[in-house]
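Below is the file start.cif, which contains mmCIF, C-alpha atoms and all ligand atoms.
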```
data_entry
loop_
_atom_site.group_PDB
_atom_site.id
_atom_site.type_symbol
_atom_site.label_atom_id
_atom_site.label_comp_id
_atom_site.auth_asym_id
_atom_site.auth_seq_id
_atom_site.Cartn_x
_atom_site.Cartn_y
_atom_site.Cartn_z
ATOM 1 C CA MET A 1 -10.160 -8.899 -20.787
ATOM 2 C CA ILE A 2 -9.107 -9.983 -17.285
ATOM 3 C CA THR A 3 -11.618 -11.840 -15.106
ATOM 4 C CA VAL A 4 -10.985 -11.676 -11.371
ATOM 5 C CA VAL A 5 -12.847 -14.215 -9.227
ATOM 6 C CA GLY A 6 -12.555 -13.269 -5.570
ATOM 7 C CA SER A 7 -13.622 -11.403 -2.484
ATOM 8 C CA TYR A 8 -14.867 -7.980 -1.520
ATOM 9 C CA ASN A 9 -14.559 -6.803 2.102
ATOM 10 C CA THR A 10 -15.098 -3.564 3.908
ATOM 11 C CA ASP A 11 -11.849 -3.087 5.795
ATOM 12 C CA THR A 12 -11.926 -1.413 9.200
ATOM 13 C CA ILE A 13 -8.432 -0.525 10.309
ATOM 14 C CA LEU A 14 -8.116 0.103 14.045
ATOM 15 C CA LYS A 15 -4.889 1.782 15.160
ATOM 16 C CA LEU A 16 -3.863 0.714 18.663
ATOM 17 C CA GLU A 17 -0.876 1.527 20.819
ATOM 18 C CA ARG A 18 -0.588 -2.209 21.447
ATOM 19 C CA PHE A 19 -2.711 -5.326 21.003
ATOM 20 C CA PRO A 20 -4.953 -6.233 23.976
ATOM 21 C CA VAL A 21 -4.229 -9.444 25.875
ATOM 22 C CA PRO A 22 -7.165 -11.805 26.656
ATOM 23 C CA GLY A 23 -9.591 -10.118 29.058
ATOM 24 C CA GLU A 24 -8.148 -6.642 28.490
ATOM 25 C CA THR A 25 -9.805 -3.553 26.979
ATOM 26 C CA VAL A 26 -7.773 -1.082 24.937
ATOM 27 C CA PHE A 27 -8.808 2.189 23.282
ATOM 28 C CA VAL A 28 -8.594 2.869 19.585
ATOM 29 C CA GLN A 29 -6.217 5.692 18.584
ATOM 30 C CA GLY A 30 -7.465 6.036 15.045
ATOM 31 C CA LYS A 31 -9.944 4.323 12.740
ATOM 32 C CA LEU A 32 -10.062 4.072 8.977
ATOM 33 C CA ILE A 33 -12.651 2.369 6.790
ATOM 34 C CA SER A 34 -11.685 1.374 3.264
ATOM 35 C CA HIS A 35 -12.547 -0.950 0.390
ATOM 36 C CA GLY A 36 -10.696 -4.260 0.565
ATOM 37 C CA GLY A 37 -10.730 -7.953 -0.163
ATOM 38 C CA LYS A 38 -8.120 -9.406 -2.468
ATOM 39 C CA GLY A 39 -10.534 -9.864 -5.377
ATOM 40 C CA SER A 40 -11.654 -6.254 -5.301
ATOM 41 C CA ASN A 41 -8.131 -4.899 -4.694
ATOM 42 C CA GLN A 42 -6.716 -6.829 -7.626
ATOM 43 C CA ALA A 43 -9.596 -5.946 -9.959
ATOM 44 C CA VAL A 44 -9.414 -2.225 -9.134
ATOM 45 C CA SER A 45 -5.618 -2.144 -9.362
ATOM 46 C CA ALA A 46 -5.735 -3.770 -12.825
ATOM 47 C CA ALA A 47 -8.466 -1.359 -13.981
ATOM 48 C CA ARG A 48 -6.398 1.622 -12.787
ATOM 49 C CA LEU A 49 -3.602 0.428 -15.051
ATOM 50 C CA GLY A 50 -6.017 0.470 -17.966
ATOM 51 C CA ALA A 51 -7.126 -3.167 -18.115
ATOM 52 C CA ASN A 52 -10.618 -4.205 -19.102
ATOM 53 C CA VAL A 53 -11.621 -6.085 -15.924
ATOM 54 C CA SER A 54 -14.670 -8.016 -14.792
ATOM 55 C CA LEU A 55 -14.998 -8.928 -11.106
ATOM 56 C CA VAL A 56 -16.874 -12.088 -10.155
ATOM 57 C CA ALA A 57 -17.702 -11.727 -6.465
ATOM 58 C CA ALA A 58 -20.538 -11.448 -3.957
ATOM 59 C CA VAL A 59 -21.619 -8.562 -1.761
ATOM 60 C CA GLY A 60 -24.525 -8.413 0.678
ATOM 61 C CA ASN A 61 -27.931 -6.756 0.218
ATOM 62 C CA ASP A 62 -26.929 -4.136 2.780
ATOM 63 C CA GLU A 63 -25.757 -0.547 2.491
ATOM 64 C CA ARG A 64 -22.114 -1.572 2.325
ATOM 65 C CA GLY A 65 -22.932 -3.804 -0.638
ATOM 66 C CA THR A 66 -24.459 -0.842 -2.488
ATOM 67 C CA ILE A 67 -21.428 1.312 -1.650
ATOM 68 C CA ALA A 68 -19.108 -1.461 -2.872
ATOM 69 C CA LEU A 69 -20.871 -1.700 -6.246
ATOM 70 C CA LYS A 70 -20.739 2.058 -6.709
ATOM 71 C CA PHE A 71 -17.034 2.157 -5.854
ATOM 72 C CA LEU A 72 -16.202 -0.670 -8.285
ATOM 73 C CA GLN A 73 -18.161 1.037 -11.057
ATOM 74 C CA GLN A 74 -16.409 4.350 -10.391
ATOM 75 C CA GLU A 75 -13.118 2.481 -10.717
ATOM 76 C CA LYS A 76 -14.320 1.183 -14.120
ATOM 77 C CA VAL A 77 -14.561 -2.453 -13.049
ATOM 78 C CA ASP A 78 -17.345 -4.400 -14.820
ATOM 79 C CA THR A 79 -19.716 -5.456 -12.018
ATOM 80 C CA SER A 80 -22.207 -7.438 -14.095
ATOM 81 C CA CYS A 81 -20.941 -10.599 -12.346
ATOM 82 C CA VAL A 82 -20.919 -9.168 -8.819
ATOM 83 C CA LYS A 83 -23.826 -10.988 -7.153
ATOM 84 C CA VAL A 84 -25.933 -9.469 -4.402
ATOM 85 C CA LYS A 85 -26.666 -12.067 -1.712
ATOM 86 C CA GLU A 86 -29.028 -12.178 1.218
ATOM 87 C CA ALA A 87 -26.166 -11.766 3.608
ATOM 88 C CA GLN A 88 -23.932 -9.112 5.046
ATOM 89 C CA THR A 89 -21.123 -7.788 2.922
ATOM 90 C CA GLY A 90 -17.791 -9.264 4.012
ATOM 91 C CA SER A 91 -15.818 -7.363 6.642
ATOM 92 C CA ALA A 92 -12.212 -7.418 7.729
ATOM 93 C CA TYR A 93 -11.084 -5.903 11.017
ATOM 94 C CA ILE A 94 -7.424 -5.019 10.919
ATOM 95 C CA LEU A 95 -5.746 -4.281 14.233
ATOM 96 C CA LEU A 96 -2.568 -2.266 13.722
ATOM 97 C CA ASN A 97 -0.163 -1.737 16.637
ATOM 98 C CA GLY A 98 2.506 0.917 17.173
ATOM 99 C CA GLN A 99 5.174 -1.394 15.722
ATOM 100 C CA GLY A 100 3.285 -1.624 12.436
ATOM 101 C CA GLU A 101 2.274 -5.237 13.105
ATOM 102 C CA THR A 102 -1.241 -6.399 12.247
ATOM 103 C CA MET A 103 -3.796 -8.907 13.511
ATOM 104 C CA ILE A 104 -6.668 -9.508 11.114
ATOM 105 C CA ILE A 105 -10.144 -10.890 11.774
ATOM 106 C CA VAL A 106 -12.344 -11.649 8.769
ATOM 107 C CA ASP A 107 -16.110 -12.081 8.724
ATOM 108 C CA ARG A 108 -16.536 -13.604 5.267
ATOM 109 C CA GLY A 109 -20.254 -12.804 5.007
ATOM 110 C CA ALA A 110 -21.460 -12.699 1.377
ATOM 111 C CA ASN A 111 -18.055 -13.874 0.069
ATOM 112 C CA TYR A 112 -18.858 -17.270 1.449
ATOM 113 C CA GLU A 113 -22.235 -17.331 -0.325
ATOM 114 C CA LEU A 114 -20.619 -17.209 -3.774
ATOM 115 C CA VAL A 115 -21.153 -20.631 -5.349
ATOM 116 C CA ALA A 116 -20.039 -22.296 -8.580
ATOM 117 C CA GLU A 117 -23.444 -21.662 -10.245
ATOM 118 C CA ASP A 118 -22.835 -17.925 -9.865
ATOM 119 C CA LEU A 119 -19.937 -18.244 -12.276
ATOM 120 C CA TYR A 120 -22.237 -19.219 -15.150
ATOM 121 C CA GLN A 121 -21.425 -16.989 -18.184
ATOM 122 C CA CYS A 122 -18.946 -15.067 -16.058
ATOM 123 C CA LEU A 123 -15.752 -16.940 -16.952
ATOM 124 C CA ARG A 124 -14.940 -14.848 -20.004
ATOM 125 C CA GLY A 125 -11.763 -13.146 -21.203
ATOM 126 C CA ASP A 126 -8.140 -14.091 -21.742
ATOM 127 C CA VAL A 127 -6.716 -14.073 -18.220
ATOM 128 C CA LEU A 128 -8.221 -15.378 -14.983
ATOM 129 C CA LEU A 129 -6.888 -14.065 -11.682
ATOM 130 C CA THR A 130 -8.159 -15.659 -8.479
ATOM 131 C CA GLN A 131 -7.238 -15.996 -4.785
ATOM 132 C CA LEU A 132 -8.334 -18.044 -1.778
ATOM 133 C CA GLU A 133 -10.616 -15.689 0.174
ATOM 134 C CA ILE A 134 -13.730 -17.389 -1.205
ATOM 135 C CA ARG A 135 -14.831 -21.045 -1.057
ATOM 136 C CA GLU A 136 -12.102 -23.315 -2.360
ATOM 137 C CA GLU A 137 -14.592 -25.258 -4.489
ATOM 138 C CA VAL A 138 -15.539 -22.040 -6.314
ATOM 139 C CA VAL A 139 -11.880 -21.295 -7.060
ATOM 140 C CA ARG A 140 -11.418 -24.879 -8.174
ATOM 141 C CA PHE A 141 -14.420 -24.613 -10.524
ATOM 142 C CA ALA A 142 -13.236 -21.310 -12.003
ATOM 143 C CA LEU A 143 -9.751 -22.688 -12.686
ATOM 144 C CA LYS A 144 -11.139 -25.837 -14.251
ATOM 145 C CA GLU A 145 -13.639 -24.124 -16.518
ATOM 146 C CA PHE A 146 -11.692 -21.054 -17.621
ATOM 147 C CA ASN A 147 -10.467 -21.039 -21.178
ATOM 148 C CA GLY A 148 -7.321 -18.912 -21.089
ATOM 149 C CA LEU A 149 -4.351 -18.142 -18.864
ATOM 150 C CA ARG A 150 -5.077 -18.986 -15.217
ATOM 151 C CA ILE A 151 -3.261 -17.244 -12.362
ATOM 152 C CA LEU A 152 -3.782 -18.339 -8.760
ATOM 153 C CA ASN A 153 -2.584 -16.018 -6.012
ATOM 154 C CA PRO A 154 -2.755 -18.537 -3.136
ATOM 155 C CA ALA A 155 -3.631 -16.099 -0.374
ATOM 156 C CA PRO A 156 -4.378 -16.971 2.355
ATOM 157 C CA ALA A 157 -2.358 -20.161 1.882
ATOM 158 C CA GLU A 158 -4.986 -22.591 3.023
ATOM 159 C CA LEU A 159 -5.510 -25.426 0.589
ATOM 160 C CA ARG A 160 -7.418 -28.594 1.348
ATOM 161 C CA SER A 161 -5.744 -30.373 -1.508
ATOM 162 C CA LEU A 162 -2.903 -29.556 -3.869
ATOM 163 C CA ASP A 163 -4.879 -31.037 -6.803
ATOM 164 C CA ILE A 164 -6.228 -27.566 -7.418
ATOM 165 C CA LEU A 165 -2.792 -26.621 -8.784
ATOM 166 C CA GLU A 166 -3.264 -28.899 -11.761
ATOM 167 C CA ASN A 167 -5.498 -26.279 -13.358
ATOM 168 C CA VAL A 168 -3.171 -23.383 -12.576
ATOM 169 C CA ASP A 169 -0.814 -21.946 -15.195
ATOM 170 C CA ILE A 170 0.951 -19.445 -12.941
ATOM 171 C CA LEU A 171 1.050 -19.598 -9.138
ATOM 172 C CA THR A 172 1.953 -16.351 -7.358
ATOM 173 C CA PRO A 173 2.580 -16.871 -3.619
ATOM 174 C CA ASN A 174 4.579 -14.537 -1.399
ATOM 175 C CA GLU A 175 7.472 -16.099 0.502
ATOM 176 C CA ILE A 176 5.365 -17.200 3.471
ATOM 177 C CA GLU A 177 2.579 -18.656 1.328
ATOM 178 C CA PHE A 178 5.173 -20.442 -0.777
ATOM 179 C CA LYS A 179 6.659 -22.155 2.296
ATOM 180 C CA GLU A 180 3.227 -23.152 3.547
ATOM 181 C CA ILE A 181 2.047 -24.608 0.258
ATOM 182 C CA SER A 182 5.274 -26.365 -0.673
ATOM 183 C CA ASN A 183 5.749 -27.476 2.924
ATOM 184 C CA SER A 184 9.426 -26.720 2.563
ATOM 185 C CA ASP A 185 11.941 -24.032 3.567
ATOM 186 C CA ASP A 186 14.089 -24.875 0.588
ATOM 187 C CA MET A 187 12.817 -22.794 -2.315
ATOM 188 C CA LEU A 188 14.404 -24.762 -5.133
ATOM 189 C CA TYR A 189 13.123 -28.035 -3.767
ATOM 190 C CA GLY A 190 9.672 -26.560 -3.007
ATOM 191 C CA ALA A 191 9.414 -25.167 -6.519
ATOM 192 C CA GLU A 192 10.365 -28.518 -7.992
ATOM 193 C CA VAL A 193 7.603 -30.218 -5.991
ATOM 194 C CA LEU A 194 4.942 -27.652 -6.951
ATOM 195 C CA LEU A 195 5.962 -27.613 -10.616
ATOM 196 C CA LYS A 196 4.910 -31.249 -10.826
ATOM 197 C CA ARG A 197 1.380 -29.820 -10.691
ATOM 198 C CA VAL A 198 1.478 -26.147 -11.729
ATOM 199 C CA LYS A 199 1.409 -25.955 -15.533
ATOM 200 C CA LYS A 200 3.814 -23.138 -16.393
ATOM 201 C CA ALA A 201 5.509 -21.194 -13.636
ATOM 202 C CA ILE A 202 5.677 -20.099 -10.021
ATOM 203 C CA VAL A 203 6.347 -16.444 -9.326
ATOM 204 C CA VAL A 204 7.296 -15.883 -5.692
ATOM 205 C CA THR A 205 7.167 -12.280 -4.484
ATOM 206 C CA LEU A 206 9.950 -11.323 -2.084
ATOM 207 C CA GLY A 207 8.952 -7.888 -0.746
ATOM 208 C CA GLU A 208 11.777 -5.360 -1.226
ATOM 209 C CA ASN A 209 13.810 -8.050 -2.977
ATOM 210 C CA GLY A 210 11.422 -8.211 -5.922
ATOM 211 C CA SER A 211 10.437 -11.641 -7.117
ATOM 212 C CA VAL A 212 11.744 -14.923 -8.472
ATOM 213 C CA ILE A 213 10.328 -17.008 -11.307
ATOM 214 C CA PHE A 214 10.597 -20.795 -11.312
ATOM 215 C CA THR A 215 9.825 -22.843 -14.389
ATOM 216 C CA LYS A 216 10.674 -26.469 -15.118
ATOM 217 C CA HIS A 217 13.816 -25.313 -16.916
ATOM 218 C CA LYS A 218 15.208 -22.433 -14.905
ATOM 219 C CA SER A 219 14.826 -19.936 -12.112
ATOM 220 C CA VAL A 220 15.270 -16.203 -12.656
ATOM 221 C CA ARG A 221 15.566 -13.472 -10.026
ATOM 222 C CA ILE A 222 13.701 -10.287 -10.933
ATOM 223 C CA PRO A 223 14.997 -7.387 -8.835
ATOM 224 C CA THR A 224 12.895 -4.320 -8.180
ATOM 225 C CA ILE A 225 13.529 -0.621 -7.656
ATOM 226 C CA LYS A 226 14.576 0.754 -4.252
ATOM 227 C CA VAL A 227 11.880 2.864 -2.653
ATOM 228 C CA ARG A 228 11.001 4.354 0.726
ATOM 229 C CA ALA A 229 8.141 2.092 1.796
ATOM 230 C CA VAL A 230 5.400 3.714 3.893
ATOM 231 C CA ASP A 231 2.617 1.113 3.602
ATOM 232 C CA THR A 232 3.117 -2.349 2.132
ATOM 233 C CA THR A 233 -0.546 -3.384 2.549
ATOM 234 C CA GLY A 234 -1.787 -4.822 -0.720
ATOM 235 C CA ALA A 235 1.639 -4.866 -2.418
ATOM 236 C CA GLY A 236 0.953 -8.444 -3.478
ATOM 237 C CA ASP A 237 -2.460 -7.465 -4.862
ATOM 238 C CA VAL A 238 -0.938 -4.702 -6.991
ATOM 239 C CA PHE A 239 1.781 -7.105 -8.171
ATOM 240 C CA ASN A 240 -0.801 -9.698 -9.245
ATOM 241 C CA ALA A 241 -2.970 -7.107 -10.991
ATOM 242 C CA ALA A 242 -0.014 -5.752 -12.952
ATOM 243 C CA LEU A 243 1.293 -9.234 -13.783
ATOM 244 C CA ALA A 244 -2.119 -10.200 -15.201
ATOM 245 C CA LEU A 245 -2.290 -6.974 -17.215
ATOM 246 C CA PHE A 246 1.112 -7.380 -18.872
ATOM 247 C CA LEU A 247 0.533 -11.068 -19.585
ATOM 248 C CA GLU A 248 -2.788 -10.162 -21.179
ATOM 249 C CA ARG A 249 -0.956 -7.627 -23.319
ATOM 250 C CA GLY A 250 1.368 -10.371 -24.573
ATOM 251 C CA TYR A 251 4.552 -9.630 -22.584
ATOM 252 C CA ASP A 252 6.643 -12.650 -21.670
ATOM 253 C CA LEU A 253 6.645 -13.706 -18.025
ATOM 254 C CA GLU A 254 10.011 -12.104 -17.152
ATOM 255 C CA GLN A 255 9.058 -8.744 -18.670
ATOM 256 C CA ALA A 256 5.640 -8.899 -17.036
ATOM 257 C CA ALA A 257 7.165 -9.661 -13.606
ATOM 258 C CA GLU A 258 9.742 -6.897 -14.044
ATOM 259 C CA ASN A 259 7.009 -4.337 -14.722
ATOM 260 C CA ALA A 260 4.772 -5.746 -11.977
ATOM 261 C CA ASN A 261 7.645 -5.346 -9.493
ATOM 262 C CA ILE A 262 8.123 -1.706 -10.407
ATOM 263 C CA ILE A 263 4.404 -0.951 -10.135
ATOM 264 C CA ALA A 264 4.058 -2.806 -6.806
ATOM 265 C CA SER A 265 7.122 -1.006 -5.450
ATOM 266 C CA ILE A 266 5.658 2.361 -6.399
ATOM 267 C CA SER A 267 2.433 1.372 -4.648
ATOM 268 C CA VAL A 268 4.192 0.886 -1.289
ATOM 269 C CA THR A 269 5.377 4.515 -1.307
ATOM 270 C CA SER A 270 1.832 5.707 -0.561
ATOM 271 C CA TYR A 271 -0.941 4.644 1.803
ATOM 272 C CA GLY A 272 -3.703 2.189 0.897
ATOM 273 C CA ALA A 273 -3.930 -1.215 -0.743
ATOM 274 C CA LEU A 274 -4.776 -0.070 -4.274
ATOM 275 C CA GLY A 275 -2.262 0.492 -7.022
ATOM 276 C CA PRO A 276 -1.274 3.541 -9.069
ATOM 277 C CA LYS A 277 -2.898 4.718 -12.301
ATOM 278 C CA TRP A 278 -1.198 4.026 -15.625
ATOM 279 C CA GLU A 279 -0.344 7.744 -16.059
ATOM 280 C CA GLU A 280 1.623 7.643 -12.802
ATOM 281 C CA VAL A 281 3.865 4.760 -13.858
ATOM 282 C CA LYS A 282 4.141 4.813 -17.624
ATOM 283 C CA GLU A 283 7.229 7.035 -17.729
ATOM 284 C CA LEU A 284 9.073 4.914 -15.173
ATOM 285 C CA LEU A 285 8.326 1.791 -17.180
ATOM 286 C CA GLN A 286 9.504 3.397 -20.398
ATOM 287 C CA GLU A 287 12.732 4.671 -18.824
ATOM 288 C CA LYS A 288 14.119 1.267 -18.033
HETATM 289 P P1 LIG B 301 2.528 -9.497 -0.103
HETATM 290 O O1 LIG B 301 2.000 -8.107 -0.083
HETATM 291 O O2 LIG B 301 1.583 -10.486 -0.676
HETATM 292 O O3 LIG B 301 3.119 -9.961 1.204
HETATM 293 P P2 LIG B 301 5.244 -8.942 -1.057
HETATM 294 O O4 LIG B 301 5.543 -8.338 0.263
HETATM 295 O O5 LIG B 301 6.169 -10.017 -1.531
HETATM 296 O O6 LIG B 301 3.755 -9.494 -1.157
HETATM 297 O O7 LIG B 301 5.238 -7.743 -2.123
HETATM 298 C C1 LIG B 301 4.786 -7.892 -3.447
HETATM 299 C C2 LIG B 301 5.661 -7.037 -4.363
HETATM 300 O O8 LIG B 301 5.574 -5.663 -3.953
HETATM 301 C C3 LIG B 301 7.138 -7.386 -4.337
HETATM 302 O O9 LIG B 301 7.431 -8.414 -5.255
HETATM 303 C C4 LIG B 301 7.763 -6.045 -4.736
HETATM 304 O O10 LIG B 301 7.719 -5.878 -6.134
HETATM 305 C C5 LIG B 301 6.835 -5.016 -4.086
HETATM 306 N N1 LIG B 301 7.283 -4.613 -2.732
HETATM 307 C C6 LIG B 301 6.776 -5.014 -1.541
HETATM 308 N N2 LIG B 301 7.438 -4.446 -0.506
HETATM 309 C C7 LIG B 301 8.385 -3.649 -1.037
HETATM 310 C C8 LIG B 301 9.407 -2.777 -0.509
HETATM 311 N N3 LIG B 301 9.586 -2.616 0.805
HETATM 312 N N4 LIG B 301 10.204 -2.114 -1.393
HETATM 313 C C9 LIG B 301 10.046 -2.276 -2.722
HETATM 314 N N5 LIG B 301 9.118 -3.072 -3.284
HETATM 315 C C10 LIG B 301 8.294 -3.757 -2.466
#
```

In structure tokens, write the structure found in this file.
Amino acid sequence: MITVVGSYNTDTILKLERFPVPGETVFVQGKLISHGGKGSNQAVSAARLGANVSLVAAVGNDERGTIALKFLQQEKVDTSCVKVKEAQTGSAYILLNGQGETMIIVDRGANYELVAEDLYQCLRGDVLLTQLEIREEVVRFALKEFNGLRILNPAPAELRSLDILENVDILTPNEIEFKEISNSDDMLYGAEVLLKRVKKAIVVTLGENGSVIFTKHKSVRIPTIKVRAVDTTGAGDVFNAALALFLERGYDLEQAAENANIIASISVTSYGALGPKWEEVKELLQEK
């Protein structure tokens, strides 16, 4: 079983011709509301691939919280550890301009009400997957207490202290997060610094260039397939979900990253942050 400890947000995507400047009013050209939050995205993407997943998260006691629970259950995610708080369900407002650039505003709401005590009897399973959209002390607690393989996707890359990495087996930043956390533009040097703390490996995702794995002994580039990308939102979430799934199934890290690349690359060929179903990818994975 995979346990995901993380966030749930209702995403509101506002399409604009261009971003407003301070004091200016602009009109929305299109609006889309969808399920989001890295915790939820990763849990649902892993469940779609056939994993047995439990999400540990918090939603509000509002209508959006009820809708969130129903959605997660429909996606076959175990919600017995999704807490309902006296708060509003988290929201993210994503401004998207004509150039495909985004500006994101997050109202953490119930996500910020999730506390370490809520994790009681919820840290089960073989693989833990967590991110940084909830309180850092909750992530810290989960990593410390979990008995199994611990993956931290350090997004967004805001860490009060790097000590947290001492309870991480695999760290999975994208290129930007990697630079921020390692405080270095030199990847080899940055990896060396972080591997003094991270237990096993760092897997850096590189967009269309796939990913690279750093361990204390070597670094390995894992290329991905060439695709026509239409929406890269959530590519990292799909990658992390797939990586956790293959590691749980006993694949070694290189094989798991290779498969996760392929699945994440397929996910960018269609709209939305969630990944494909197992049936949609199994043939591609078997072909290689
Ligand atoms: P994030 O979404 O966190 O910024 P990345 O952009 O590094 O993360 O993407 C995560 C993974 O998704 C990559 O390692 C790769 O496998 C896949 N991916 C992302 N963008 C593309 C793309 N344009 N073409 C092919 N694969 C992609």

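Comparing A:Met187, A:Ala157, A:Leu247, A:Leu95 by their smallest distance to Thr12 in chain A, the closest is A:Leu95 (using all atoms listed in the file).
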
Run the PyMOL selection byres (((chain A and resi 134) around 9) and not hetatm) mentally over the shown coordinates, then write out the matched residues as a PyMOL selection string, using the chain letters and numbers from the document. chain A and resi 5-7+57+108+111-114+131-133+135-139

Please determine an axis-aligned box that encloses all atoms of ligand LIG 301 (chain B) listed in the file, with 8 Å added on each side, and express its centre and edge lengths in Å to one decimal as lines of an AutoDock Vina configuration file.
```
center_x = 5.9
center_y = -6.3
center_z = -2.5
size_x = 24.6
size_y = 24.4
size_z = 23.3
```

Protein and nucleic residues near ligand LIG 301 (chain B), 9 Å, only C-alpha atoms and all ligand atoms, as a ChimeraX atom specification: /A:153,155,172-177,204-212,222-240,257-269

Quick one: residues within 8 Å of Leu69 in chain A, only C-alpha atoms counted, chain neighbours fewer than 4 positions away excluded, as a PyMOL selection string? chain A and resi 65+73+79+82

How would you write, as a ChimeraX atom specification, the residues chosen by the PyMOL selection byres (((chain A and resi 35-48) around 9) and not hetatm) on this structure? /A:2-12,33-34,49-57,68,71-72,75-77,90-92,129-133,155,234,236-245,273-278

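The closest residue to Ala256 in chain A, picked from A:Leu285, A:Met1, A:Lys15, A:Asn97 and counting only C-alpha atoms, is A:Leu285.
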
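Comparing A:Ser161, A:Gln255, A:Asn167, A:Gln29 by their smallest distance to Asn147 in chain A, the closest is A:Asn167 (using all atoms listed in the file).
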